[in-house]
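Shown next, in structure tokens, is the structure this report addresses.
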Amino acid sequence: MSRNLKIGLFLTVSILLTTFTFYFWQIFRSPNLLTQENDKPFALLIRRGATFESVIDTLKTHDVLNDEMSFRFLAKLMKYPDRVKEGRYELKPRMGNREALVKLRNGSQDAMTVTFNSMRQKSDLIQRLGSKFEFGPGALDTLLNDPAVCEKYGFDTTTIVCLFLPNTYEFFWTIKPEALLDRMGTEYKKFWTPERQAKAKALGLTQTQTQVLASIVAGETNKRDEQPRVAGVYLNRLKQGIKLQADPTVIFALRDFGIRRLLNKQLAVDSPYNTYRYTGLPPGPINLPAPATIDAVLNAEKHDYLFFVVDARFNGYHTFSKTMSEHMANARLYQQALNRMKIMK
């Protein structure tokens, strides 16, 4: 073989080797996911029993893949089609094939942030919270309506919502509904410290009763600085055996949350949640009160007020009074303000 032929052969092999090396480098390392000016990760949800083809379909549907062929080639090389694992995976912008496939093949899930607050009804909680997880609202509905499950955490099927303290939490999308309840039970116990338990006992309330009262306070005002005073009014009425006469409980009983002005006929609705008809606390919370509102009840202001009504200036606060005559005068001012604004229902 001549020297020139050897040199030519060497150069050809070198070029081919370089070409293949560069090609494989591209397959392994070159950005291939979310390359079209994306600045946010894509949350890939893989359900139990999903196939490689269903994963590909999802990526294609959401325009995540730039070069499908290179992704498929490396996936087969890494034997991912036989190792598809359920989970929620965040795929970063300009991610390479190998980095993505290692994450998916290893089942390296990313936790998701879940925030819930101020939901009024148990059904709202089940739908909004349950829909965030793989198990779905149906599974959560089954558990929260099972007396035995509720009793495990110290509640019944009405008060079980007290287990869910509004906050921001991190969960895996694939968590089992039973594990979710256990986690909420842990958070519940963390909140109800011995100090808080002692404060509730000093008020003559159980933990659940405290949260029920807090839900009424939350329904009355979202002003944090006013909540301890409102709580004090209701505690005074409870001690004296006076009906709470809390408008938010009637609205909850009617399940009409658009009401701005309650009418006398609505105040007569026969429901255990109607505190105009029944003395004491309703059977369960009328919303999910924030921890700060629960603390407002535990640290309620001590005073002699028995009544309050929305401030006629509509500044978000209330006007408080100690006697019925004072209250009626304040109530007339409020009713007149409603009339001027033509708020009739």
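Naming scheme: A, B, ... for chains in displayed order of the structure tokens; residues 1 onward per chain; ligands 1 onward as shown.
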- prompt: Residues of stretch 36-221 of chain A in helix (DSSP H, G or I) according to DSSP, as a count of residues only?
  reply: 99
- Item | strand (DSSP E) positions in stretch 31-164 of chain A, given as a list in words |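 Listing strand (DSSP E) positions across stretch 31-164 of chain A yields Pro31, Asn32, Leu33, Phe42, Ala43, Leu44, Leu45, Ile46, Gly87, Arg88, Tyr89, Glu90, Leu91, Met95, Gly96, Met112, Thr113, Val114, Thr115 and Phe116 of chain A.
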Find the spatial neighbours of stretch 123-127 of chain A, counting only C-alpha atoms, within a cut-off of 6 Å - ignore same-chain residues fewer than 3 positions away - and output them as a ChimeraX atom specification. /A:130-131,137,141
Suppose we keep C-alpha atoms; can you now write the selection as a PDB file, in the first residue's frame?
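Writing the result to part31.pdb gives the following:
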```
ATOM      1  CA  GLY A 130     -57.535  15.631  44.699  1.00  0.00           C
ATOM      2  CA  SER A 131     -57.168  16.782  41.090  1.00  0.00           C
ATOM      3  CA  PRO A 137     -60.641  13.423  43.453  1.00  0.00           C
ATOM      4  CA  ASP A 141     -63.708  11.510  48.245  1.00  0.00           C
TER       5      ASP A 141
END
```
Per residue of stretch 127-219 of chain A within 12 Å of stretch 287-310 of chain A, note the shortest atom pair and the distance in Å to one decimal, counting only C-alpha atoms, and order the rows by chain and increasing residue number, as a tab-separated table.
```
residue	atom	partner	partner_atom	distance
A:Thr158	CA	A:Asn287	CA	11.8
A:Thr159	CA	A:Leu288	CA	10.7
A:Ile160	CA	A:Leu288	CA	11.0
A:Val161	CA	A:Leu288	CA	7.4
A:Cys162	CA	A:Leu288	CA	7.1
A:Leu163	CA	A:Leu288	CA	9.5
A:Phe164	CA	A:Leu288	CA	7.5
A:Leu165	CA	A:Pro291	CA	6.7
A:Pro166	CA	A:Ala290	CA	5.5
A:Asn167	CA	A:Ala290	CA	7.7
A:Thr168	CA	A:Ala290	CA	11.4
A:Glu187	CA	A:Pro291	CA	11.4
A:Tyr188	CA	A:Pro291	CA	10.3
A:Lys190	CA	A:Pro291	CA	11.6
A:Phe191	CA	A:Pro291	CA	8.1
A:Trp192	CA	A:Pro291	CA	10.0
A:Thr193	CA	A:Asp295	CA	11.6
A:Glu195	CA	A:Leu298	CA	10.0
A:Arg196	CA	A:Leu298	CA	7.1
A:Gln197	CA	A:Leu298	CA	9.1
A:Ala198	CA	A:Leu298	CA	9.3
A:Lys199	CA	A:Leu298	CA	5.8
A:Ala200	CA	A:Leu298	CA	6.0
A:Lys201	CA	A:Leu298	CA	9.5
A:Ala202	CA	A:Leu298	CA	9.0
A:Leu203	CA	A:Leu298	CA	7.7
A:Gly204	CA	A:Leu298	CA	10.7
A:Leu205	CA	A:Leu298	CA	9.5
A:Thr206	CA	A:Leu298	CA	11.0
A:Gln207	CA	A:Ile294	CA	9.5
A:Thr208	CA	A:Ile294	CA	10.3
A:Gln209	CA	A:Ile294	CA	10.3
A:Thr210	CA	A:Ile294	CA	6.8
A:Gln211	CA	A:Ile294	CA	6.0
A:Val212	CA	A:Pro289	CA	8.3
A:Leu213	CA	A:Val297	CA	7.4
A:Ala214	CA	A:Ile294	CA	5.2
A:Ser215	CA	A:Pro289	CA	4.9
A:Ile216	CA	A:Asn287	CA	7.9
A:Val217	CA	A:Thr293	CA	7.4
A:Ala218	CA	A:Pro289	CA	6.1
A:Gly219	CA	A:Asn287	CA	7.6
```
re atom CA of A:Ser70 and atom CA of A:Asn32: distance 8.6 Å
task = For A:Pro81, list every protein, DNA or RNA residue within 10 Å, evaluated using only C-alpha atoms, and leave out those in the same chain fewer than 3 positions away; present the list as a list in words.
result =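 Counting only C-alpha atoms, the residues come to Thr51, Phe52, Glu53, Val55, Arg72, Ala75, Lys76, Leu77, Met78, Val84, Lys85 and Arg105 of chain A.
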Quick one: write out the picked residues with N, CA and C atoms as an mmCIF file, in the first residue's frame?
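The file below, result28.cif, is the result:
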```cif
data_model
loop_
_atom_site.group_PDB
_atom_site.id
_atom_site.type_symbol
_atom_site.label_atom_id
_atom_site.label_comp_id
_atom_site.auth_asym_id
_atom_site.auth_seq_id
_atom_site.Cartn_x
_atom_site.Cartn_y
_atom_site.Cartn_z
ATOM 1 N N THR A 51 -46.737 3.587 28.655
ATOM 2 C CA THR A 51 -45.720 2.994 27.779
ATOM 3 C C THR A 51 -44.781 4.079 27.259
ATOM 4 N N PHE A 52 -43.710 3.623 26.660
ATOM 5 C CA PHE A 52 -42.754 4.546 26.055
ATOM 6 C C PHE A 52 -43.433 5.382 24.979
ATOM 7 N N GLU A 53 -44.302 4.748 24.207
ATOM 8 C CA GLU A 53 -44.984 5.467 23.138
ATOM 9 C C GLU A 53 -45.908 6.547 23.686
ATOM 10 N N VAL A 55 -45.361 8.201 26.409
ATOM 11 C CA VAL A 55 -44.450 9.271 26.834
ATOM 12 C C VAL A 55 -44.075 10.124 25.632
ATOM 13 N N ARG A 72 -35.451 8.935 20.510
ATOM 14 C CA ARG A 72 -35.828 7.522 20.421
ATOM 15 C C ARG A 72 -34.583 6.635 20.370
ATOM 16 N N ALA A 75 -32.926 6.505 23.754
ATOM 17 C CA ALA A 75 -33.815 5.830 24.703
ATOM 18 C C ALA A 75 -33.689 4.317 24.565
ATOM 19 N N LYS A 76 -33.649 3.826 23.323
ATOM 20 C CA LYS A 76 -33.502 2.386 23.092
ATOM 21 C C LYS A 76 -32.119 1.917 23.506
ATOM 22 N N LEU A 77 -31.113 2.743 23.233
ATOM 23 C CA LEU A 77 -29.746 2.402 23.622
ATOM 24 C C LEU A 77 -29.632 2.277 25.143
ATOM 25 N N MET A 78 -30.378 3.117 25.871
ATOM 26 C CA MET A 78 -30.343 3.111 27.339
ATOM 27 C C MET A 78 -31.430 2.202 27.933
ATOM 28 N N VAL A 84 -40.020 2.360 31.873
ATOM 29 C CA VAL A 84 -40.846 3.555 32.067
ATOM 30 C C VAL A 84 -41.435 3.535 33.482
ATOM 31 N N LYS A 85 -41.219 4.609 34.221
ATOM 32 C CA LYS A 85 -41.691 4.680 35.609
ATOM 33 C C LYS A 85 -42.636 5.865 35.777
ATOM 34 N N ARG A 105 -35.554 7.310 33.459
ATOM 35 C CA ARG A 105 -35.289 5.881 33.685
ATOM 36 C C ARG A 105 -35.091 5.567 35.156
#
```
